[in-house]
>>> print(open('coords-v2.cif').read())   # mmCIF, C-alpha atoms
data_input
loop_
_atom_site.label_atom_id
_atom_site.label_comp_id
_atom_site.auth_asym_id
_atom_site.auth_seq_id
_atom_site.Cartn_x
_atom_site.Cartn_y
_atom_site.Cartn_z
CA MET J 1 94.15 105.11 166.67
CA ASN J 2 93.24 108.82 166.48
CA ARG J 3 96.66 109.71 167.83
CA PHE J 4 98.41 107.74 165.06
CA ARG J 5 96.07 109.22 162.46
CA TYR J 6 96.87 112.71 163.74
CA CYS J 7 100.60 112.00 163.56
CA GLY J 8 100.21 110.74 159.98
CA ILE J 9 98.37 113.90 158.94
CA SER J 10 101.00 116.06 160.64
CA LEU J 11 103.84 114.28 158.86
CA LEU J 12 102.04 114.69 155.54
CA ALA J 13 101.57 118.40 156.19
CA ILE J 14 105.27 118.77 157.00
CA PHE J 15 106.23 116.91 153.83
CA LEU J 16 103.99 119.11 151.68
CA PHE J 17 105.40 122.25 153.29
CA ILE J 18 108.99 121.18 152.61
CA THR J 19 108.13 120.26 149.02
CA ILE J 20 106.54 123.65 148.34
CA ALA J 21 109.03 125.76 150.29
CA PHE J 22 112.10 123.90 149.04
CA PRO J 23 111.29 122.47 145.59
CA GLN J 24 113.53 119.62 144.48
CA GLU J 25 115.50 119.72 141.25
CA THR J 26 113.73 117.31 138.92
CA GLN J 27 115.53 118.13 135.68
CA THR J 28 117.13 114.88 134.55
CA GLY J 29 117.22 115.54 130.84
CA GLU J 30 115.52 113.81 127.96
CA GLN J 31 116.96 110.65 126.43
CA ILE J 32 117.16 110.99 122.64
CA TRP J 33 118.62 108.92 119.79
CA ILE J 34 120.90 110.32 117.08
CA PRO J 35 121.03 108.41 113.77
CA MET J 36 124.32 107.82 111.98
CA LYS J 37 125.71 105.63 109.22
CA VAL J 38 129.04 103.80 109.33
CA SER J 39 130.85 101.69 106.79
CA SER J 40 130.20 97.95 107.16
CA PHE J 41 132.73 95.17 106.64
CA LEU J 42 130.61 93.84 103.79
CA GLY J 43 130.54 97.17 102.01
CA GLY J 44 127.88 99.82 102.01
CA LYS J 45 126.61 101.59 105.10
CA LYS J 46 125.16 100.37 108.38
CA ASP J 47 122.61 102.32 110.40
CA LEU J 48 123.42 103.00 114.06
CA LYS J 49 121.89 105.09 116.83
CA LEU J 50 123.79 107.10 119.42
CA GLU J 51 122.24 107.67 122.83
CA ALA J 52 122.26 111.25 124.11
CA THR J 53 120.77 113.32 126.92
CA LEU J 54 119.16 116.65 126.03
CA TYR J 55 118.52 119.61 128.33
CA LYS J 56 116.43 122.48 126.98
CA PRO J 57 115.52 125.85 128.51
CA GLU J 58 111.97 127.14 128.37
CA GLY J 59 110.98 128.95 125.21
CA HIS J 60 111.28 128.47 121.47
CA GLY J 61 114.79 129.77 120.91
CA PRO J 62 116.75 129.56 118.79
CA PHE J 63 119.28 128.88 121.57
CA PRO J 64 123.03 128.36 121.51
CA LEU J 65 124.09 124.76 122.11
CA LEU J 66 126.67 123.14 124.38
CA ILE J 67 127.75 119.66 123.28
CA PHE J 68 129.45 117.96 126.20
CA ASN J 69 131.74 115.02 125.37
CA HIS J 70 132.60 112.26 127.83
CA GLY J 71 136.05 110.80 128.41
CA SER J 72 137.32 107.24 128.17
CA THR J 73 136.50 104.34 130.46
CA GLY J 74 139.70 104.76 132.37
CA PRO J 75 140.30 102.04 131.09
CA GLY J 76 137.84 100.06 133.17
CA LYS J 77 137.22 102.69 135.86
CA THR J 78 133.96 103.71 134.17
CA PRO J 79 131.68 100.89 132.96
CA VAL J 80 131.41 100.84 129.17
CA LYS J 81 127.61 100.66 129.31
CA GLN J 82 127.15 103.45 131.84
CA THR J 83 125.29 106.46 130.42
CA LEU J 84 126.94 109.72 131.44
CA ARG J 85 124.25 112.39 131.51
CA TRP J 86 126.29 115.37 132.77
CA GLU J 87 123.27 116.73 134.59
CA SER J 88 125.39 119.29 136.44
CA PHE J 89 126.17 120.99 133.12
CA GLY J 90 122.52 120.83 132.12
CA LYS J 91 121.64 122.64 135.34
CA LEU J 92 124.41 125.18 134.84
CA PHE J 93 123.82 126.08 131.20
CA THR J 94 120.04 126.01 130.78
CA PRO J 95 119.58 129.10 133.02
CA TRP J 96 122.06 130.75 130.65
CA GLU J 97 119.56 129.90 127.89
CA PHE J 98 121.68 127.18 126.32
CA VAL J 99 120.51 123.82 125.07
CA VAL J 100 122.85 121.10 126.40
CA LEU J 101 123.44 117.83 124.58
CA ALA J 102 125.52 115.01 126.08
CA PRO J 103 126.06 112.26 123.48
CA MET J 104 127.49 108.81 124.14
CA ARG J 105 129.92 107.69 121.47
CA ARG J 106 129.72 104.32 119.74
CA GLY J 107 129.71 101.35 122.07
CA ARG J 108 129.31 103.53 125.18
CA GLY J 109 126.16 103.77 127.27
CA GLN J 110 123.27 102.48 125.17
CA SER J 111 124.75 103.64 121.86
CA ASP J 112 124.97 101.09 119.05
CA GLY J 113 128.24 99.89 117.61
CA ASP J 114 131.59 98.86 119.04
CA TYR J 115 133.71 100.87 121.45
CA GLU J 116 136.72 101.48 119.23
CA GLU J 117 138.88 103.99 121.10
CA PRO J 118 142.01 101.90 121.77
CA TYR J 119 144.44 102.45 124.64
CA TRP J 120 147.61 101.33 122.88
CA CYS J 121 150.47 103.81 122.77
CA SER J 122 150.71 103.99 118.99
CA ASP J 123 150.05 106.74 116.49
CA ALA J 124 147.83 104.47 114.40
CA GLU J 125 145.60 103.52 117.34
CA VAL J 126 145.33 107.08 118.63
CA ASP J 127 144.48 108.32 115.13
CA ARG J 128 141.85 105.58 114.70
CA GLY J 129 140.17 106.40 118.00
CA ILE J 130 140.01 110.13 117.32
CA LYS J 131 138.79 109.57 113.76
CA ASN J 132 135.93 107.39 115.04
CA ALA J 133 135.01 109.95 117.70
CA ILE J 134 134.90 112.79 115.13
CA GLN J 135 132.60 110.69 112.93
CA ASP J 136 130.24 110.38 115.91
CA LEU J 137 130.29 114.14 116.36
CA ASP J 138 129.55 114.61 112.66
CA ALA J 139 126.32 112.69 113.27
CA VAL J 140 125.57 114.96 116.23
CA PHE J 141 126.13 118.10 114.12
CA ALA J 142 123.81 116.79 111.41
CA TYR J 143 121.12 115.96 113.97
CA VAL J 144 121.08 119.32 115.76
CA LYS J 145 120.68 121.16 112.46
CA SER J 146 117.22 119.56 112.25
CA LEU J 147 116.13 121.05 115.60
CA PRO J 148 114.42 124.44 115.07
CA TYR J 149 115.12 125.67 118.60
CA ILE J 150 118.91 125.38 118.20
CA ASP J 151 121.04 128.08 116.59
CA SER J 152 123.64 125.92 114.84
CA SER J 153 125.87 128.97 114.30
CA ARG J 154 126.42 129.14 118.08
CA ILE J 155 127.72 125.73 119.09
CA VAL J 156 130.17 125.29 121.96
CA LEU J 157 132.09 122.02 122.14
CA SER J 158 133.21 120.91 125.56
CA GLY J 159 134.19 117.75 127.38
CA VAL J 160 136.50 116.08 129.84
CA SER J 161 139.73 114.15 129.24
CA ARG J 162 139.31 112.44 125.84
CA GLY J 163 136.18 114.54 125.41
CA GLY J 164 138.24 117.67 126.02
CA ILE J 165 140.91 117.03 123.43
CA LEU J 166 138.24 115.68 121.07
CA SER J 167 136.50 119.06 121.29
CA VAL J 168 139.75 120.84 120.41
CA VAL J 169 140.58 118.54 117.49
CA CYS J 170 137.03 118.52 116.11
CA ALA J 171 136.86 122.33 116.16
CA ALA J 172 140.08 122.39 114.13
CA GLU J 173 138.75 119.82 111.65
CA ARG J 174 135.21 121.26 111.45
CA PRO J 175 135.75 125.02 111.90
CA ALA J 176 132.42 126.00 110.36
CA SER J 177 130.53 123.95 112.96
CA VAL J 178 132.00 125.31 116.20
CA LYS J 179 131.84 128.78 117.77
CA ALA J 180 133.99 128.09 120.86
CA VAL J 181 135.59 125.27 122.86
CA ILE J 182 135.84 124.60 126.60
CA ASN J 183 138.43 121.90 127.25
CA PHE J 184 138.43 120.25 130.68
CA VAL J 185 141.69 118.36 131.36
CA GLY J 186 141.94 117.30 127.72
CA GLY J 187 144.21 114.47 126.62
CA TRP J 188 143.72 111.28 124.63
CA MET J 189 146.41 109.22 126.39
CA GLY J 190 148.08 109.47 129.75
CA GLU J 191 151.58 110.84 129.98
CA GLY J 192 152.83 107.28 130.48
CA CYS J 193 152.82 106.87 126.70
CA THR J 194 155.94 109.03 126.51
CA LYS J 195 157.89 105.96 127.64
CA TYR J 196 157.08 104.33 124.30
CA MET J 197 156.50 107.22 121.91
CA TYR J 198 156.45 111.00 121.87
CA ASP J 199 153.40 112.48 123.56
CA PRO J 200 150.38 111.97 121.25
CA ASN J 201 148.49 114.70 123.10
CA LEU J 202 151.21 117.20 122.24
CA ARG J 203 151.05 116.16 118.58
CA TYR J 204 147.31 116.79 118.38
CA PHE J 205 147.40 120.08 120.28
CA LYS J 206 150.12 121.39 117.98
CA ARG J 207 148.30 120.23 114.85
CA SER J 208 144.99 121.70 116.01
CA GLY J 209 146.51 125.03 116.98
CA ALA J 210 147.85 125.43 113.46
CA LYS J 211 144.44 124.76 111.88
CA THR J 212 141.97 126.83 113.91
CA THR J 213 141.18 130.35 115.05
CA THR J 214 138.22 129.19 117.16
CA PRO J 215 138.52 130.72 120.67
CA MET J 216 139.18 128.11 123.33
CA LEU J 217 139.29 127.86 127.12
CA PHE J 218 141.71 125.26 128.52
CA LEU J 219 141.03 124.27 132.14
CA TYR J 220 143.47 122.01 134.04
CA ALA J 221 144.66 121.36 137.59
CA ASP J 222 148.28 120.74 138.54
CA ASN J 223 147.53 117.52 140.47
CA ASP J 224 146.14 115.64 137.48
CA SER J 225 146.90 111.91 137.78
CA TYR J 226 147.26 111.49 133.99
CA TYR J 227 149.59 114.34 133.08
CA SER J 228 152.17 116.38 134.98
CA LYS J 229 152.09 120.12 135.37
CA GLU J 230 154.97 120.38 132.88
CA ALA J 231 153.08 118.29 130.31
CA ILE J 232 149.94 120.37 130.71
CA LYS J 233 151.88 123.59 130.17
CA SER J 234 153.50 122.09 127.08
CA TYR J 235 150.03 121.33 125.61
CA ALA J 236 148.90 124.93 125.99
CA ARG J 237 152.24 126.28 124.76
CA ALA J 238 152.24 124.05 121.67
CA PHE J 239 148.67 124.98 120.78
CA GLU J 240 149.30 128.70 121.17
CA LYS J 241 152.69 128.70 119.45
CA ALA J 242 151.14 126.97 116.44
CA GLY J 243 148.67 129.84 116.14
CA GLY J 244 145.71 128.77 118.28
CA LYS J 245 143.68 131.28 120.28
CA ILE J 246 143.57 130.14 123.89
CA THR J 247 142.63 131.21 127.40
CA PHE J 248 144.61 128.90 129.67
CA ARG J 249 144.02 128.21 133.35
CA LEU J 250 146.14 125.83 135.44
CA TYR J 251 144.69 125.68 138.95
CA GLU J 252 146.53 124.60 142.06
CA SER J 253 145.65 121.20 143.50
CA VAL J 254 141.93 120.50 143.17
CA GLY J 255 140.48 117.69 145.25
CA GLU J 256 142.33 114.38 145.43
CA ASP J 257 142.83 114.23 141.66
CA GLY J 258 142.81 117.26 139.40
CA HIS J 259 141.57 115.08 136.55
CA HIS J 260 138.12 115.47 138.11
CA LEU J 261 138.27 119.27 137.83
CA SER J 262 134.88 119.46 136.10
CA ARG J 263 133.20 118.51 139.39
CA TYR J 264 134.53 121.64 141.17
CA ARG J 265 132.40 124.45 139.80
CA ASN J 266 133.59 126.89 142.45
CA VAL J 267 137.10 126.70 140.98
CA TRP J 268 136.38 127.49 137.34
CA LEU J 269 132.92 129.09 137.14
CA LYS J 270 134.12 132.71 137.00
CA ASP J 271 136.67 131.90 134.29
CA MET J 272 133.99 130.15 132.26
CA GLU J 273 131.58 133.07 132.61
CA ASP J 274 134.25 135.51 131.49
CA PHE J 275 135.15 133.34 128.51
CA LEU J 276 131.56 132.93 127.33
CA GLU J 277 131.01 136.68 127.67
CA SER J 278 134.17 137.35 125.64
CA VAL J 279 132.84 135.30 122.72
CA HIS J 280 129.38 136.90 123.02
CA LEU J 281 127.60 133.73 124.12
CA LEU J 282 126.63 134.75 127.64
CA SER J 283 124.51 137.86 127.95
CA ILE J 284 121.96 137.12 130.68
CA GLU J 285 122.36 138.77 134.06
CA LYS J 286 121.30 135.87 136.27
CA LYS J 287 124.20 133.53 136.91
CA PRO J 288 124.20 130.33 138.98
CA LYS J 289 126.08 130.31 142.25
CA ALA J 290 129.29 128.32 142.53
CA GLU J 291 128.92 124.94 144.19
#
>>> encode(input="coords-v2.cif", output="structure tokens")
Amino acid sequence: MNRFRYCGISLLAIFLFITIAFPQETQTGEQIWIPMKVSSFLGGKKDLKLEATLYKPEGHGPFPLLIFNHGSTGPGKTPVKQTLRWESFGKLFTPWEFVVLAPMRRGRGQSDGDYEEPYWCSDAEVDRGIKNAIQDLDAVFAYVKSLPYIDSSRIVLSGVSRGGILSVVCAAERPASVKAVINFVGGWMGEGCTKYMYDPNLRYFKRSGAKTTTPMLFLYADNDSYYSKEAIKSYARAFEKAGGKITFRLYESVGEDGHHLSRYRNVWLKDMEDFLESVHLLSIEKKPKAE
């Protein structure tokens, strides 16, 4: 009995030593709810709540803010009701003294409302989906203005896939609300839509480039399963030719599918640091190591 008791004490001591010597990352973010109003079928307005995850550095601020926007469901590859917390970006940006907010759009995660971001290859359906997504971001902008520790003049919009192009389009439509954009593999529809219509992504990049001077970082990989290398180059070219200000990076094959580029910090971290420094949003000396 004493021998087992001794072993138990020893194991406890080892566990405590490991916990103290190698502290575990416990930052999971805070779940918050963002109010918004949408038009109802019966007229008037209906109250909804959007789920979001908030990461905040220590201190009172005011801090710059990164809003990180999720992509589509795939369709079907990502469960509609799965909450995407983007903890890796919370861990990356809070040491840079940023607040990070990861909202879930209507009908996604635990957010109220219907998921109305259609997958049909039609201008009307693409326009409807993007319009709904921008309305959700309008609610986010209104909410963060009420938080005293956020400097609403220093907001960076970012996101992946649909969240990437949404960040670009929203910055063009709401120029006073956005300081900079970081677009990971942005596109609303896959390149397959070109079989039925001209590329809707190209249309939105061209339109946005003509309407904004907000500095933007475009990050893509040439083995993206949704768009070819030629299509990706055409997006950047159209945006820039229309007058947009862009830093464009097209990396060689990343992982099994370049559409998951955001997971490979070691690939893009230096480019992101340089971009944030160029727009005067990154001034601290301590920088996280690439993973």
>>> residues_around(input="coords-v2.cif", residues="Glu240 (chain J)", least_positions_apart="4", cutoff="10 Å", atoms="all atoms listed in the file", output="NGL selection string")
:J and (205-206 or 208-210 or 234-236 or 244-248)
>>> residues_around(input="coords-v2.cif", residues="region 265-270 of chain J", least_positions_apart="6", cutoff="12 Å", atoms="all atoms listed in the file", output="ChimeraX atom specification")
/J:88-89,91-93,182-184,217-221,248-255,258,276-277,287-291
>>> resolve_selection(input="coords-v2.cif", expression="the PyMOL selection byres ((chain J and resi 77-86) around 12)", output="ChimeraX atom specification")
/J:27-32,50-55,66-76,87-93,100-117,158-160,262-263
>>> atom_distance(input="coords-v2.cif", atom1="CA of Lys179 (chain J)", atom2="CA of Gly163 (chain J)")
16.7 Å
>>> atom_distance(input="coords-v2.cif", atom1="CA of Ala176 (chain J)", atom2="CA of Ile34 (chain J)")
20.6 Å
>>> closest_residue(input="coords-v2.cif", among="J:Met197, J:Met36, J:Ala172, J:Ala231", to="Tyr143 (chain J)", atoms="all atoms listed in the file")
J:Met36
>>> atom_distance(input="coords-v2.cif", atom1="CA of Lys56 (chain J)", atom2="CA of Glu97 (chain J)")
8.1 Å
>>> closest_residue(input="coords-v2.cif", among="J:Asn201, J:Ser161, J:Ser153, J:Thr194", to="Val126 (chain J)", atoms="only C-alpha atoms")
J:Asn201
>>> resolve_selection(input="coords-v2.cif", expression="the PyMOL selection byres ((chain J and resi 190-193) around 9)", output="short mmCIF file (atom, residue, chain, number, x, y, z; two decimals) with C-alpha atoms, in the coordinates of the input")
data_model
loop_
_atom_site.label_atom_id
_atom_site.label_comp_id
_atom_site.auth_asym_id
_atom_site.auth_seq_id
_atom_site.Cartn_x
_atom_site.Cartn_y
_atom_site.Cartn_z
CA TRP J 120 147.61 101.33 122.88
CA CYS J 121 150.47 103.81 122.77
CA SER J 122 150.71 103.99 118.99
CA GLY J 187 144.21 114.47 126.62
CA TRP J 188 143.72 111.28 124.63
CA MET J 189 146.41 109.22 126.39
CA THR J 194 155.94 109.03 126.51
CA LYS J 195 157.89 105.96 127.64
CA TYR J 196 157.08 104.33 124.30
CA MET J 197 156.50 107.22 121.91
CA TYR J 198 156.45 111.00 121.87
CA ASP J 199 153.40 112.48 123.56
CA PRO J 200 150.38 111.97 121.25
CA ASN J 201 148.49 114.70 123.10
CA SER J 225 146.90 111.91 137.78
CA TYR J 226 147.26 111.49 133.99
CA TYR J 227 149.59 114.34 133.08
CA SER J 228 152.17 116.38 134.98
CA ALA J 231 153.08 118.29 130.31
#
>>> resolve_selection(input="coords-v2.cif", expression="the PyMOL selection byres ((chain J and resi 281) around 10)", output="ChimeraX atom specification")
/J:63-65,96-98,154-156,179-180,273,275-280,282-284
>>> closest_residue(input="coords-v2.cif", among="J:Ser40, J:His260, J:Ala139, J:Leu202", to="Lys241 (chain J)", atoms="only C-alpha atoms")
J:Leu202
>>> axis_aligned_box(input="coords-v2.cif", around="region 121-134 of chain J", padding_each_side="5 Å", output="AutoDock Vina command-line options")
--center_x 142.8 --center_y 108.2 --center_z 118.3 --size_x 25.8 --size_y 19.3 --size_z 19.0
>>> closest_residue(input="coords-v2.cif", among="J:Ile150, J:Ala238, J:Val169, J:Ile232", to="Val99 (chain J)", atoms="only C-alpha atoms")
J:Ile150
>>> build_atoms(input="coords-v2.cif", residues="region 89-102 of chain J", atoms="N, CA and C atoms", output="PDB file, in the coordinates of the input")
ATOM      1  N   PHE J  89     125.997 119.996 134.177  1.00  0.00           N
ATOM      2  CA  PHE J  89     126.170 120.990 133.120  1.00  0.00           C
ATOM      3  C   PHE J  89     124.825 121.387 132.520  1.00  0.00           C
ATOM      4  N   GLY J  90     123.874 120.459 132.524  1.00  0.00           N
ATOM      5  CA  GLY J  90     122.520 120.830 132.120  1.00  0.00           C
ATOM      6  C   GLY J  90     121.939 121.876 133.055  1.00  0.00           C
ATOM      7  N   LYS J  91     122.143 121.688 134.351  1.00  0.00           N
ATOM      8  CA  LYS J  91     121.640 122.640 135.340  1.00  0.00           C
ATOM      9  C   LYS J  91     122.356 123.977 135.260  1.00  0.00           C
ATOM     10  N   LEU J  92     123.647 123.940 134.915  1.00  0.00           N
ATOM     11  CA  LEU J  92     124.410 125.180 134.840  1.00  0.00           C
ATOM     12  C   LEU J  92     124.052 125.999 133.604  1.00  0.00           C
ATOM     13  N   PHE J  93     123.946 125.352 132.456  1.00  0.00           N
ATOM     14  CA  PHE J  93     123.820 126.080 131.200  1.00  0.00           C
ATOM     15  C   PHE J  93     122.402 126.429 130.801  1.00  0.00           C
ATOM     16  N   THR J  94     121.397 125.659 131.204  1.00  0.00           N
ATOM     17  CA  THR J  94     120.040 126.010 130.780  1.00  0.00           C
ATOM     18  C   THR J  94     119.569 127.346 131.352  1.00  0.00           C
ATOM     19  N   PRO J  95     119.937 127.738 132.584  1.00  0.00           N
ATOM     20  CA  PRO J  95     119.580 129.100 133.020  1.00  0.00           C
ATOM     21  C   PRO J  95     120.288 130.186 132.199  1.00  0.00           C
ATOM     22  N   TRP J  96     121.381 129.820 131.550  1.00  0.00           N
ATOM     23  CA  TRP J  96     122.060 130.750 130.650  1.00  0.00           C
ATOM     24  C   TRP J  96     121.431 130.721 129.254  1.00  0.00           C
ATOM     25  N   GLU J  97     120.309 130.026 129.145  1.00  0.00           N
ATOM     26  CA  GLU J  97     119.560 129.900 127.890  1.00  0.00           C
ATOM     27  C   GLU J  97     120.376 129.190 126.809  1.00  0.00           C
ATOM     28  N   PHE J  98     121.015 128.113 127.217  1.00  0.00           N
ATOM     29  CA  PHE J  98     121.680 127.180 126.320  1.00  0.00           C
ATOM     30  C   PHE J  98     120.892 125.871 126.294  1.00  0.00           C
ATOM     31  N   VAL J  99     120.845 125.230 125.137  1.00  0.00           N
ATOM     32  CA  VAL J  99     120.510 123.820 125.070  1.00  0.00           C
ATOM     33  C   VAL J  99     121.793 123.041 125.362  1.00  0.00           C
ATOM     34  N   VAL J 100     121.698 121.947 126.099  1.00  0.00           N
ATOM     35  CA  VAL J 100     122.850 121.100 126.400  1.00  0.00           C
ATOM     36  C   VAL J 100     122.585 119.707 125.856  1.00  0.00           C
ATOM     37  N   LEU J 101     123.552 119.168 125.141  1.00  0.00           N
ATOM     38  CA  LEU J 101     123.440 117.830 124.580  1.00  0.00           C
ATOM     39  C   LEU J 101     124.662 117.023 124.994  1.00  0.00           C
ATOM     40  N   ALA J 102     124.430 115.871 125.619  1.00  0.00           N
ATOM     41  CA  ALA J 102     125.520 115.010 126.080  1.00  0.00           C
ATOM     42  C   ALA J 102     125.430 113.670 125.363  1.00  0.00           C
TER      43      ALA J 102
END
